[in-house]
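The data block below is data-v9.cif; it holds mmCIF, C-alpha atoms; chains and numbers go by the auth columns.
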data_start
loop_
_atom_site.group_PDB
_atom_site.id
_atom_site.type_symbol
_atom_site.label_atom_id
_atom_site.label_comp_id
_atom_site.label_asym_id
_atom_site.label_seq_id
_atom_site.Cartn_x
_atom_site.Cartn_y
_atom_site.Cartn_z
_atom_site.B_iso_or_equiv
_atom_site.auth_seq_id
_atom_site.auth_asym_id
ATOM 1 C CA SER A 1 118.579 110.604 121.679 0.00 919 T
ATOM 2 C CA GLN A 2 115.718 113.091 121.816 0.00 920 T
ATOM 3 C CA VAL A 3 113.123 110.296 122.043 0.00 921 T
ATOM 4 C CA VAL A 4 114.868 108.706 125.052 0.00 922 T
ATOM 5 C CA ALA A 5 115.267 112.094 126.683 0.00 923 T
ATOM 6 C CA CYS A 6 111.562 112.742 126.162 0.00 924 T
ATOM 7 C CA ASP A 7 110.652 109.388 127.780 0.00 925 T
ATOM 8 C CA ASP A 8 112.860 110.227 130.743 0.00 926 T
ATOM 9 C CA GLY A 9 111.186 113.569 131.160 0.00 927 T
ATOM 10 C CA VAL A 10 114.414 115.482 130.438 0.00 928 T
ATOM 11 C CA TRP A 11 113.535 116.733 126.947 0.00 929 T
ATOM 12 C CA GLU A 12 110.318 118.742 126.950 0.00 930 T
ATOM 13 C CA PRO A 13 108.370 118.187 123.687 0.00 931 T
ATOM 14 C CA THR A 14 107.684 121.819 122.840 0.00 932 T
ATOM 15 C CA SER A 15 106.235 122.811 119.457 0.00 933 T
ATOM 16 C CA ALA A 16 109.596 124.158 118.282 0.00 934 T
ATOM 17 C CA ARG A 17 111.435 120.976 119.283 0.00 935 T
ATOM 18 C CA LEU A 18 108.819 118.765 117.676 0.00 936 T
ATOM 19 C CA ARG A 19 109.099 120.750 114.428 0.00 937 T
ATOM 20 C CA LEU A 20 112.877 120.329 114.568 0.00 938 T
ATOM 21 C CA THR A 21 112.513 116.590 115.119 0.00 939 T
ATOM 22 C CA VAL A 22 110.060 116.217 112.232 0.00 940 T
ATOM 23 C CA SER A 23 112.415 118.231 110.015 0.00 941 T
ATOM 24 C CA GLU A 24 115.331 115.967 110.919 0.00 942 T
ATOM 25 C CA ILE A 25 113.285 112.822 110.240 0.00 943 T
ATOM 26 C CA ASP A 26 112.286 114.258 106.867 0.00 944 T
ATOM 27 C CA ARG A 27 115.921 115.035 106.048 0.00 945 T
ATOM 28 C CA LEU A 28 117.039 111.523 106.963 0.00 946 T
ATOM 29 C CA SER A 29 114.193 109.986 104.951 0.00 947 T
ATOM 30 C CA LYS A 30 115.252 111.963 101.881 0.00 948 T
ATOM 31 C CA LEU A 31 118.868 110.924 102.417 0.00 949 T
ATOM 32 C CA ILE A 32 117.906 107.237 102.637 0.00 950 T
ATOM 33 C CA SER A 33 115.850 107.612 99.451 0.00 951 T
ATOM 34 C CA GLU A 34 118.730 109.259 97.615 0.00 952 T
ATOM 35 C CA VAL A 35 121.219 106.611 98.746 0.00 953 T
ATOM 36 C CA GLY A 36 118.829 103.913 97.542 0.00 954 T
ATOM 37 C CA ASN A 37 118.530 105.741 94.237 0.00 955 T
ATOM 38 C CA LEU A 38 122.312 105.851 93.863 0.00 956 T
ATOM 39 C CA TYR A 39 122.728 102.162 94.658 0.00 957 T
ATOM 40 C CA ALA A 40 120.001 101.301 92.146 0.00 958 T
ATOM 41 C CA ILE A 41 121.739 103.246 89.391 0.00 959 T
ATOM 42 C CA GLU A 42 125.119 101.725 90.219 0.00 960 T
ATOM 43 C CA GLY A 43 123.777 98.173 90.722 0.00 961 T
ATOM 44 C CA THR A 44 124.795 95.565 88.191 0.00 962 T
ATOM 45 C CA GLU A 45 121.214 94.337 87.944 0.00 963 T
ATOM 46 C CA ASN A 46 119.829 97.783 87.254 0.00 964 T
ATOM 47 C CA SER A 47 118.315 98.423 83.827 0.00 965 T
ATOM 48 C CA LEU A 48 117.859 101.838 82.302 0.00 966 T
ATOM 49 C CA SER A 49 114.526 102.528 80.669 0.00 967 T
ATOM 50 C CA ILE A 50 115.896 103.442 77.252 0.00 968 T
ATOM 51 C CA SER A 51 113.831 105.151 74.593 0.00 969 T
ATOM 52 C CA ALA A 52 114.345 107.576 71.738 0.00 970 T
ATOM 53 C CA ALA A 53 114.218 111.147 73.017 0.00 971 T
ATOM 54 C CA ASN A 54 114.600 114.651 71.691 0.00 972 T
ATOM 55 C CA ILE A 55 117.270 115.912 74.078 0.00 973 T
ATOM 56 C CA SER A 56 116.962 119.489 72.813 0.00 974 T
ATOM 57 C CA ASP A 57 113.258 119.682 73.618 0.00 975 T
ATOM 58 C CA GLU A 58 113.761 118.084 77.029 0.00 976 T
ATOM 59 C CA LEU A 59 116.440 120.609 78.006 0.00 977 T
ATOM 60 C CA GLU A 60 114.214 123.466 76.861 0.00 978 T
ATOM 61 C CA ARG A 61 111.465 122.151 79.147 0.00 979 T
ATOM 62 C CA ILE A 62 113.885 121.929 82.064 0.00 980 T
ATOM 63 C CA VAL A 63 114.895 125.561 81.529 0.00 981 T
ATOM 64 C CA LEU A 64 111.253 126.628 81.554 0.00 982 T
ATOM 65 C CA SER A 65 110.579 124.755 84.786 0.00 983 T
ATOM 66 C CA PHE A 66 113.644 126.204 86.522 0.00 984 T
ATOM 67 C CA SER A 67 113.227 129.787 85.327 0.00 985 T
ATOM 68 C CA PRO A 68 110.895 130.878 88.184 0.00 986 T
ATOM 69 C CA LEU A 69 113.336 129.545 90.800 0.00 987 T
ATOM 70 C CA PHE A 70 116.211 131.456 89.244 0.00 988 T
ATOM 71 C CA ALA A 71 114.122 134.612 88.875 0.00 989 T
ATOM 72 C CA ASN A 72 113.140 134.397 92.536 0.00 990 T
ATOM 73 C CA LYS A 73 116.834 134.561 93.486 0.00 991 T
ATOM 74 C CA SER A 74 117.641 137.164 90.806 0.00 992 T
ATOM 75 C CA VAL A 75 120.023 134.790 89.046 0.00 993 T
ATOM 76 C CA SER A 76 119.982 134.749 85.260 0.00 994 T
ATOM 77 C CA LEU A 77 119.333 131.390 83.573 0.00 995 T
ATOM 78 C CA THR A 78 119.964 131.278 79.839 0.00 996 T
ATOM 79 C CA ALA A 79 120.118 128.460 77.308 0.00 997 T
ATOM 80 C CA ASP A 80 122.254 127.740 74.269 0.00 998 T
ATOM 81 C CA ILE A 81 120.706 124.506 73.046 0.00 999 T
ATOM 82 C CA GLU A 82 121.287 123.084 69.597 0.00 1000 T
ATOM 83 C CA GLY A 83 117.966 121.969 68.143 0.00 1001 T
ATOM 84 C CA GLY A 84 116.970 118.527 66.966 0.00 1002 T
ATOM 85 C CA ALA A 85 119.407 116.495 69.066 0.00 1003 T
ATOM 86 C CA GLU A 86 118.047 112.976 69.419 0.00 1004 T
ATOM 87 C CA ALA A 87 119.457 109.961 71.238 0.00 1005 T
ATOM 88 C CA ALA A 88 118.342 106.776 72.980 0.00 1006 T
ATOM 89 C CA VAL A 89 118.533 107.497 76.725 0.00 1007 T
ATOM 90 C CA ASP A 90 116.703 106.990 79.983 0.00 1008 T
ATOM 91 C CA ILE A 91 115.112 110.427 79.810 0.00 1009 T
ATOM 92 C CA GLY A 92 113.922 110.372 83.418 0.00 1010 T
ATOM 93 C CA LYS A 93 117.405 109.738 84.773 0.00 1011 T
ATOM 94 C CA LEU A 94 118.991 112.184 82.343 0.00 1012 T
ATOM 95 C CA ARG A 95 116.499 114.801 83.492 0.00 1013 T
ATOM 96 C CA GLN A 96 117.524 114.086 87.091 0.00 1014 T
ATOM 97 C CA ALA A 97 121.202 114.539 86.239 0.00 1015 T
ATOM 98 C CA VAL A 98 120.612 117.914 84.584 0.00 1016 T
ATOM 99 C CA THR A 99 118.306 119.183 87.326 0.00 1017 T
ATOM 100 C CA ASN A 100 120.911 118.190 89.926 0.00 1018 T
ATOM 101 C CA LEU A 101 123.473 120.362 88.148 0.00 1019 T
ATOM 102 C CA LEU A 102 121.081 123.302 87.763 0.00 1020 T
ATOM 103 C CA SER A 103 120.065 123.062 91.420 0.00 1021 T
ATOM 104 C CA ASN A 104 123.713 123.194 92.467 0.00 1022 T
ATOM 105 C CA ALA A 105 124.409 126.110 90.144 0.00 1023 T
ATOM 106 C CA LEU A 106 121.505 128.044 91.643 0.00 1024 T
ATOM 107 C CA ARG A 107 122.548 127.190 95.207 0.00 1025 T
ATOM 108 C CA TYR A 108 126.125 128.349 94.743 0.00 1026 T
ATOM 109 C CA THR A 109 125.521 131.420 92.575 0.00 1027 T
ATOM 110 C CA ASP A 110 124.718 134.662 94.350 0.00 1028 T
ATOM 111 C CA GLU A 111 122.102 137.241 93.437 0.00 1029 T
ATOM 112 C CA GLY A 112 122.941 138.921 90.139 0.00 1030 T
ATOM 113 C CA GLY A 113 124.885 135.882 88.933 0.00 1031 T
ATOM 114 C CA LYS A 114 124.513 133.952 85.700 0.00 1032 T
ATOM 115 C CA VAL A 115 123.983 130.314 84.784 0.00 1033 T
ATOM 116 C CA LEU A 116 124.094 128.913 81.253 0.00 1034 T
ATOM 117 C CA LEU A 117 122.763 125.536 80.121 0.00 1035 T
ATOM 118 C CA SER A 118 124.229 124.441 76.798 0.00 1036 T
ATOM 119 C CA LEU A 119 123.860 121.475 74.473 0.00 1037 T
ATOM 120 C CA LYS A 120 126.538 120.726 71.897 0.00 1038 T
ATOM 121 C CA THR A 121 126.147 117.888 69.423 0.00 1039 T
ATOM 122 C CA LEU A 122 128.747 115.972 67.449 0.00 1040 T
ATOM 123 C CA PRO A 123 128.298 112.890 65.238 0.00 1041 T
ATOM 124 C CA ASP A 124 128.988 110.327 67.967 0.00 1042 T
ATOM 125 C CA TYR A 125 128.322 112.139 71.238 0.00 1043 T
ATOM 126 C CA LEU A 126 126.695 115.139 72.798 0.00 1044 T
ATOM 127 C CA GLU A 127 127.699 117.462 75.617 0.00 1045 T
ATOM 128 C CA ILE A 128 125.351 118.959 78.190 0.00 1046 T
ATOM 129 C CA ILE A 129 127.064 121.865 79.917 0.00 1047 T
ATOM 130 C CA VAL A 130 126.055 123.817 83.007 0.00 1048 T
ATOM 131 C CA ARG A 131 128.222 126.886 83.583 0.00 1049 T
ATOM 132 C CA ASP A 132 127.894 129.379 86.436 0.00 1050 T
ATOM 133 C CA ASN A 133 129.831 132.363 87.733 0.00 1051 T
ATOM 134 C CA GLY A 134 129.230 131.432 91.355 0.00 1052 T
ATOM 135 C CA ILE A 135 131.565 130.770 94.260 0.00 1053 T
ATOM 136 C CA GLY A 136 133.487 128.019 92.507 0.00 1054 T
ATOM 137 C CA ILE A 137 135.317 125.018 93.940 0.00 1055 T
ATOM 138 C CA ALA A 138 138.713 124.994 95.611 0.00 1056 T
ATOM 139 C CA LYS A 139 141.406 123.194 93.634 0.00 1057 T
ATOM 140 C CA SER A 140 142.006 120.790 96.521 0.00 1058 T
ATOM 141 C CA ASP A 141 138.342 119.735 96.466 0.00 1059 T
ATOM 142 C CA LEU A 142 138.037 119.065 92.734 0.00 1060 T
ATOM 143 C CA PRO A 143 139.341 115.449 92.806 0.00 1061 T
ATOM 144 C CA ASN A 144 136.673 114.507 95.368 0.00 1062 T
ATOM 145 C CA ILE A 145 133.646 116.483 94.230 0.00 1063 T
ATOM 146 C CA PHE A 146 131.810 113.464 92.754 0.00 1064 T
ATOM 147 C CA GLU A 147 132.308 111.232 95.795 0.00 1065 T
ATOM 148 C CA ARG A 148 129.156 110.406 97.738 0.00 1066 T
ATOM 149 C CA PHE A 149 128.642 112.470 100.910 0.00 1067 T
ATOM 150 C CA TYR A 150 131.645 114.679 100.084 0.00 1068 T
ATOM 151 C CA ARG A 151 131.129 118.269 101.212 0.00 1069 T
ATOM 152 C CA ALA A 152 133.924 120.757 100.624 0.00 1070 T
ATOM 153 C CA ASP A 153 134.904 122.596 103.786 0.00 1071 T
ATOM 154 C CA LYS A 154 134.804 126.034 102.218 0.00 1072 T
ATOM 155 C CA SER A 155 133.892 126.570 98.598 0.00 1073 T
ATOM 156 C CA ARG A 156 130.840 124.304 98.333 0.00 1074 T
ATOM 157 C CA THR A 157 129.468 124.440 101.878 0.00 1075 T
ATOM 158 C CA ARG A 158 126.483 126.643 102.639 0.00 1076 T
ATOM 159 C CA ALA A 159 123.583 126.575 105.035 0.00 1077 T
ATOM 160 C CA SER A 160 121.350 125.809 102.048 0.00 1078 T
ATOM 161 C CA GLY A 161 123.588 122.980 100.879 0.00 1079 T
ATOM 162 C CA GLY A 162 122.379 119.541 99.964 0.00 1080 T
ATOM 163 C CA MET A 163 123.276 116.143 101.364 0.00 1081 T
ATOM 164 C CA GLY A 164 126.481 115.611 99.400 0.00 1082 T
ATOM 165 C CA ILE A 165 125.055 112.942 97.104 0.00 1083 T
ATOM 166 C CA GLY A 166 123.584 114.802 94.124 0.00 1084 T
ATOM 167 C CA LEU A 167 126.825 114.907 92.150 0.00 1085 T
ATOM 168 C CA ALA A 168 127.489 111.231 92.886 0.00 1086 T
ATOM 169 C CA ILE A 169 124.059 110.404 91.439 0.00 1087 T
ATOM 170 C CA THR A 170 124.709 112.611 88.403 0.00 1088 T
ATOM 171 C CA LYS A 171 128.025 110.840 87.795 0.00 1089 T
ATOM 172 C CA ALA A 172 126.376 107.424 88.143 0.00 1090 T
ATOM 173 C CA ILE A 173 123.693 108.393 85.624 0.00 1091 T
ATOM 174 C CA ALA A 174 126.244 109.624 83.098 0.00 1092 T
ATOM 175 C CA GLU A 175 128.344 106.485 83.457 0.00 1093 T
ATOM 176 C CA ALA A 176 125.301 104.187 83.279 0.00 1094 T
ATOM 177 C CA HIS A 177 124.734 105.654 79.806 0.00 1095 T
ATOM 178 C CA GLY A 178 128.348 104.958 78.867 0.00 1096 T
ATOM 179 C CA GLY A 179 129.222 108.629 79.310 0.00 1097 T
ATOM 180 C CA THR A 180 131.308 110.777 81.612 0.00 1098 T
ATOM 181 C CA ILE A 181 131.091 113.934 83.670 0.00 1099 T
ATOM 182 C CA ARG A 182 133.871 116.374 84.415 0.00 1100 T
ATOM 183 C CA VAL A 183 134.186 119.720 86.138 0.00 1101 T
ATOM 184 C CA GLU A 184 136.273 122.820 85.533 0.00 1102 T
ATOM 185 C CA SER A 185 136.263 125.392 88.296 0.00 1103 T
ATOM 186 C CA THR A 186 138.119 128.304 89.821 0.00 1104 T
ATOM 187 C CA GLU A 187 137.318 129.323 93.362 0.00 1105 T
ATOM 188 C CA GLY A 188 135.607 132.709 93.393 0.00 1106 T
ATOM 189 C CA GLU A 189 134.952 132.683 89.640 0.00 1107 T
ATOM 190 C CA GLY A 190 132.543 129.839 88.944 0.00 1108 T
ATOM 191 C CA SER A 191 132.204 126.258 87.787 0.00 1109 T
ATOM 192 C CA THR A 192 131.461 124.365 84.595 0.00 1110 T
ATOM 193 C CA PHE A 193 130.085 120.823 84.631 0.00 1111 T
ATOM 194 C CA ILE A 194 130.158 118.843 81.382 0.00 1112 T
ATOM 195 C CA ILE A 195 128.204 115.641 80.820 0.00 1113 T
ATOM 196 C CA THR A 196 129.381 113.773 77.730 0.00 1114 T
ATOM 197 C CA LEU A 197 127.051 111.080 76.383 0.00 1115 T
ATOM 198 C CA PRO A 198 127.499 108.762 73.421 0.00 1116 T
ATOM 199 C CA VAL A 199 124.707 109.138 70.892 0.00 1117 T
ATOM 200 C CA ARG A 200 122.884 105.822 71.149 0.00 1118 T
ATOM 201 C CA ARG A 201 120.275 105.457 68.445 0.00 1119 T
ATOM 202 C CA ASP A 202 119.409 101.826 69.102 0.00 1120 T
ATOM 203 C CA ILE A 203 116.431 101.436 71.395 0.00 1121 T
ATOM 204 C CA GLN A 204 116.978 98.619 73.845 0.00 1122 T
ATOM 205 C CA THR A 205 117.383 98.047 77.558 0.00 1123 T
ATOM 206 C CA ILE A 206 120.964 98.275 78.751 0.00 1124 T
#

Any chance you could put this one into structure tokens?
Amino acid sequence: SQVVACDDGVWEPTSARLRLTVSEIDRLSKLISEVGNLYAIEGTENSLSISAANISDELERIVLSFSPLFANKSVSLTADIEGGAEAAVDIGKLRQAVTNLLSNALRYTDEGGKVLLSLKTLPDYLEIIVRDNGIGIAKSDLPNIFERFYRADKSRTRASGGMGIGLAITKAIAEAHGGTIRVESTEGEGSTFIITLPVRRDIQTI
């Protein structure tokens, strides 16, 4: 390792190498944190912090917070959010799921591209949809895209890519709420992620 090499006098601790080492430690720390987060969500003893929430208002706030990031990359972010949608959810975890999807959409959509966040409501469930016209996902990768640490060799791999766990966390959050997530994608044309959640109106810990 670099530390051993440094002790042996082989690896000279220059400023550039020290910055690289600190960056790698930071990356590994974030990965450990994310893995712990995933295990907590999936754990049988985990409890969601359920409360009544206005999903429409929360999604509008997420769009506002992400707009500067999209503008900085010259990617259009628009919203089609039905108003007044309320449900009993863990709003913090739901927010994390949606921001994971928006972060991916931004990462894999090139300058001049478009991303749409939608909310559709029905009597017993609601759908949160993130659609982009980015690089898309290869058909062979689609069955594995929600697996932890899975990184597609071509369509979803970029220098700015994440750690291959964000979609696994998003899936775990959806399923912890009794919902699902699915993806529709064509390589070179874009991707659509759909979170479907049952409309829980009872406020209790699950």

For a quick check of understanding, using all atoms listed in the file, which of T:Ala971, T:Asn990, T:Ile1087, T:Asp1042 has the smallest distance to Gly1002 (chain T)?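 Going through T:Ala971, T:Asn990, T:Ile1087, T:Asp1042 one by one, the smallest distance to Gly1002 (chain T) is for T:Ala971.
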
For the structure shown, which residues end up in the PyMOL selection byres ((chain T and resi 974) around 6)? Put them as JSON, numbers by chain, please? {"T": [972, 973, 975, 976, 977, 1001, 1002, 1003]}

T:Thr1088, T:Ser992, T:Asn1051, T:Ser1036: which is nearest Thr1104 (chain T), counting all atoms listed in the file?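 Counting all atoms listed in the file, the residue closest to Thr1104 (chain T) is T:Asn1051.
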
Among T:Glu1102, T:Glu978, T:Asp1008, T:Glu1107, Pro1061 (chain T) is approached most closely, using all atoms listed in the file, by T:Glu1102

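Restricting the calculation to only C-alpha atoms, the smallest distance between Val993 (chain T) and any of T:Val1033, T:Val1101, T:Ile1055, T:Val1016 is found for T:Val1033.
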
May I ask for the distance between CA of Thr1110 (chain T) and CA of Ile1053 (chain T), given in Å to one decimal place?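 It comes out at 11.6 Å.
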
For the structure provided, state which residues fall under the PyMOL selection byres ((chain T and resi 1031) around 10), and present them as an NGL selection string. :T and (988 or 991-995 or 1023-1024 or 1026-1030 or 1032-1033 or 1050-1053 or 1108)

Test item: residues at most 8 Å from Tyr1043 (chain T), all atoms listed in the file, excluding those fewer than 2 positions along its chain, as a PDB file with C-alpha atoms, keeping the file's coordinate frame:
ATOM      1  CA  THR T1039     126.147 117.888  69.423  1.00  0.00           C
ATOM      2  CA  LEU T1040     128.747 115.972  67.449  1.00  0.00           C
ATOM      3  CA  PRO T1041     128.298 112.890  65.238  1.00  0.00           C
ATOM      4  CA  GLU T1045     127.699 117.462  75.617  1.00  0.00           C
ATOM      5  CA  THR T1114     129.381 113.773  77.730  1.00  0.00           C
ATOM      6  CA  LEU T1115     127.051 111.080  76.383  1.00  0.00           C
ATOM      7  CA  PRO T1116     127.499 108.762  73.421  1.00  0.00           C
ATOM      8  CA  VAL T1117     124.707 109.138  70.892  1.00  0.00           C
TER       9      VAL T1117
END

Identify which of the residues T:Asn1022, T:Glu1065, T:Ile1113, T:Ser1058 lies closest to Gly1096 (chain T), counting all atoms listed in the file when measuring atom-to-atom distances. T:Ile1113

Could you tell me how far CA of Leu982 (chain T) sits from CA of Leu1085 (chain T), in Å to one decimal place?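 CA of Leu982 (chain T) lies at a distance of 22.2 Å from CA of Leu1085 (chain T).
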
Under the PyMOL selection byres ((chain T and resi 1089) around 9), which residues of this model are included? Write them out as an NGL selection string. :T and (1015 or 1064 or 1084-1088 or 1090-1094 or 1097-1100 or 1113)

What is the distance, in Å and to one decimal place, between CA of Ser985 (chain T) and CA of Leu966 (chain T)?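 That distance, rounded to one decimal, is 28.5 Å.
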
Return the single residue from T:Arg1049, T:Ser1109, T:Leu1019, T:Leu1044 that is closest to Ala997 (chain T), with distances computed using only C-alpha atoms. T:Arg1049

Atoms added to region 1046-1066 of chain T (N, CA, C and O atoms), reported as a PDB file, in the coordinates of the input:
ATOM      1  N   ILE T1046     126.265 118.105  77.443  1.00  0.00           N
ATOM      2  CA  ILE T1046     125.351 118.959  78.190  1.00  0.00           C
ATOM      3  C   ILE T1046     126.196 119.713  79.206  1.00  0.00           C
ATOM      4  O   ILE T1046     126.884 119.105  80.030  1.00  0.00           O
ATOM      5  N   ILE T1047     126.151 121.031  79.135  1.00  0.00           N
ATOM      6  CA  ILE T1047     127.064 121.865  79.917  1.00  0.00           C
ATOM      7  C   ILE T1047     126.273 122.813  80.799  1.00  0.00           C
ATOM      8  O   ILE T1047     125.359 123.497  80.333  1.00  0.00           O
ATOM      9  N   VAL T1048     126.631 122.853  82.075  1.00  0.00           N
ATOM     10  CA  VAL T1048     126.055 123.817  83.007  1.00  0.00           C
ATOM     11  C   VAL T1048     127.196 124.671  83.542  1.00  0.00           C
ATOM     12  O   VAL T1048     128.091 124.177  84.227  1.00  0.00           O
ATOM     13  N   ARG T1049     127.150 125.955  83.200  1.00  0.00           N
ATOM     14  CA  ARG T1049     128.222 126.886  83.583  1.00  0.00           C
ATOM     15  C   ARG T1049     127.649 127.986  84.466  1.00  0.00           C
ATOM     16  O   ARG T1049     126.600 128.553  84.160  1.00  0.00           O
ATOM     17  N   ASP T1050     128.328 128.280  85.562  1.00  0.00           N
ATOM     18  CA  ASP T1050     127.894 129.379  86.436  1.00  0.00           C
ATOM     19  C   ASP T1050     129.077 130.263  86.785  1.00  0.00           C
ATOM     20  O   ASP T1050     130.235 129.881  86.596  1.00  0.00           O
ATOM     21  N   ASN T1051     128.764 131.472  87.253  1.00  0.00           N
ATOM     22  CA  ASN T1051     129.831 132.363  87.733  1.00  0.00           C
ATOM     23  C   ASN T1051     129.703 132.543  89.241  1.00  0.00           C
ATOM     24  O   ASN T1051     129.852 133.626  89.771  1.00  0.00           O
ATOM     25  N   GLY T1052     129.425 131.424  89.914  1.00  0.00           N
ATOM     26  CA  GLY T1052     129.230 131.432  91.355  1.00  0.00           C
ATOM     27  C   GLY T1052     130.518 131.356  92.145  1.00  0.00           C
ATOM     28  O   GLY T1052     131.576 131.803  91.691  1.00  0.00           O
ATOM     29  N   ILE T1053     130.435 130.736  93.321  1.00  0.00           N
ATOM     30  CA  ILE T1053     131.565 130.770  94.260  1.00  0.00           C
ATOM     31  C   ILE T1053     132.683 129.827  93.878  1.00  0.00           C
ATOM     32  O   ILE T1053     133.797 129.933  94.399  1.00  0.00           O
ATOM     33  N   GLY T1054     132.427 128.898  92.972  1.00  0.00           N
ATOM     34  CA  GLY T1054     133.487 128.019  92.507  1.00  0.00           C
ATOM     35  C   GLY T1054     133.863 126.943  93.514  1.00  0.00           C
ATOM     36  O   GLY T1054     133.292 126.832  94.602  1.00  0.00           O
ATOM     37  N   ILE T1055     134.853 126.152  93.135  1.00  0.00           N
ATOM     38  CA  ILE T1055     135.317 125.018  93.940  1.00  0.00           C
ATOM     39  C   ILE T1055     136.820 125.138  94.117  1.00  0.00           C
ATOM     40  O   ILE T1055     137.551 125.389  93.162  1.00  0.00           O
ATOM     41  N   ALA T1056     137.283 124.944  95.340  1.00  0.00           N
ATOM     42  CA  ALA T1056     138.713 124.994  95.611  1.00  0.00           C
ATOM     43  C   ALA T1056     139.440 123.877  94.855  1.00  0.00           C
ATOM     44  O   ALA T1056     138.911 122.770  94.697  1.00  0.00           O
ATOM     45  N   LYS T1057     140.636 124.167  94.401  1.00  0.00           N
ATOM     46  CA  LYS T1057     141.406 123.194  93.634  1.00  0.00           C
ATOM     47  C   LYS T1057     141.595 121.897  94.398  1.00  0.00           C
ATOM     48  O   LYS T1057     141.545 120.801  93.828  1.00  0.00           O
ATOM     49  N   SER T1058     141.779 121.985  95.701  1.00  0.00           N
ATOM     50  CA  SER T1058     142.006 120.790  96.521  1.00  0.00           C
ATOM     51  C   SER T1058     140.765 119.907  96.618  1.00  0.00           C
ATOM     52  O   SER T1058     140.858 118.707  96.904  1.00  0.00           O
ATOM     53  N   ASP T1059     139.591 120.497  96.380  1.00  0.00           N
ATOM     54  CA  ASP T1059     138.342 119.735  96.466  1.00  0.00           C
ATOM     55  C   ASP T1059     137.952 119.065  95.154  1.00  0.00           C
ATOM     56  O   ASP T1059     137.153 118.120  95.148  1.00  0.00           O
ATOM     57  N   LEU T1060     138.475 119.545  94.047  1.00  0.00           N
ATOM     58  CA  LEU T1060     138.037 119.065  92.734  1.00  0.00           C
ATOM     59  C   LEU T1060     138.154 117.545  92.552  1.00  0.00           C
ATOM     60  O   LEU T1060     137.248 116.929  91.990  1.00  0.00           O
ATOM     61  N   PRO T1061     139.248 116.902  93.024  1.00  0.00           N
ATOM     62  CA  PRO T1061     139.341 115.449  92.806  1.00  0.00           C
ATOM     63  C   PRO T1061     138.265 114.646  93.535  1.00  0.00           C
ATOM     64  O   PRO T1061     138.027 113.488  93.192  1.00  0.00           O
ATOM     65  N   ASN T1062     137.616 115.248  94.533  1.00  0.00           N
ATOM     66  CA  ASN T1062     136.673 114.507  95.368  1.00  0.00           C
ATOM     67  C   ASN T1062     135.214 114.900  95.166  1.00  0.00           C
ATOM     68  O   ASN T1062     134.324 114.343  95.812  1.00  0.00           O
ATOM     69  N   ILE T1063     134.957 115.851  94.281  1.00  0.00           N
ATOM     70  CA  ILE T1063     133.646 116.483  94.230  1.00  0.00           C
ATOM     71  C   ILE T1063     132.527 115.513  93.861  1.00  0.00           C
ATOM     72  O   ILE T1063     131.365 115.723  94.224  1.00  0.00           O
ATOM     73  N   PHE T1064     132.846 114.414  93.161  1.00  0.00           N
ATOM     74  CA  PHE T1064     131.810 113.464  92.754  1.00  0.00           C
ATOM     75  C   PHE T1064     131.667 112.285  93.722  1.00  0.00           C
ATOM     76  O   PHE T1064     130.884 111.371  93.466  1.00  0.00           O
ATOM     77  N   GLU T1065     132.419 112.303  94.814  1.00  0.00           N
ATOM     78  CA  GLU T1065     132.308 111.232  95.795  1.00  0.00           C
ATOM     79  C   GLU T1065     131.042 111.416  96.624  1.00  0.00           C
ATOM     80  O   GLU T1065     130.689 112.537  96.990  1.00  0.00           O
ATOM     81  N   ARG T1066     130.378 110.323  96.942  1.00  0.00           N
ATOM     82  CA  ARG T1066     129.156 110.406  97.738  1.00  0.00           C
ATOM     83  C   ARG T1066     129.454 110.959  99.128  1.00  0.00           C
ATOM     84  O   ARG T1066     130.485 110.668  99.732  1.00  0.00           O
TER      85      ARG T1066
END
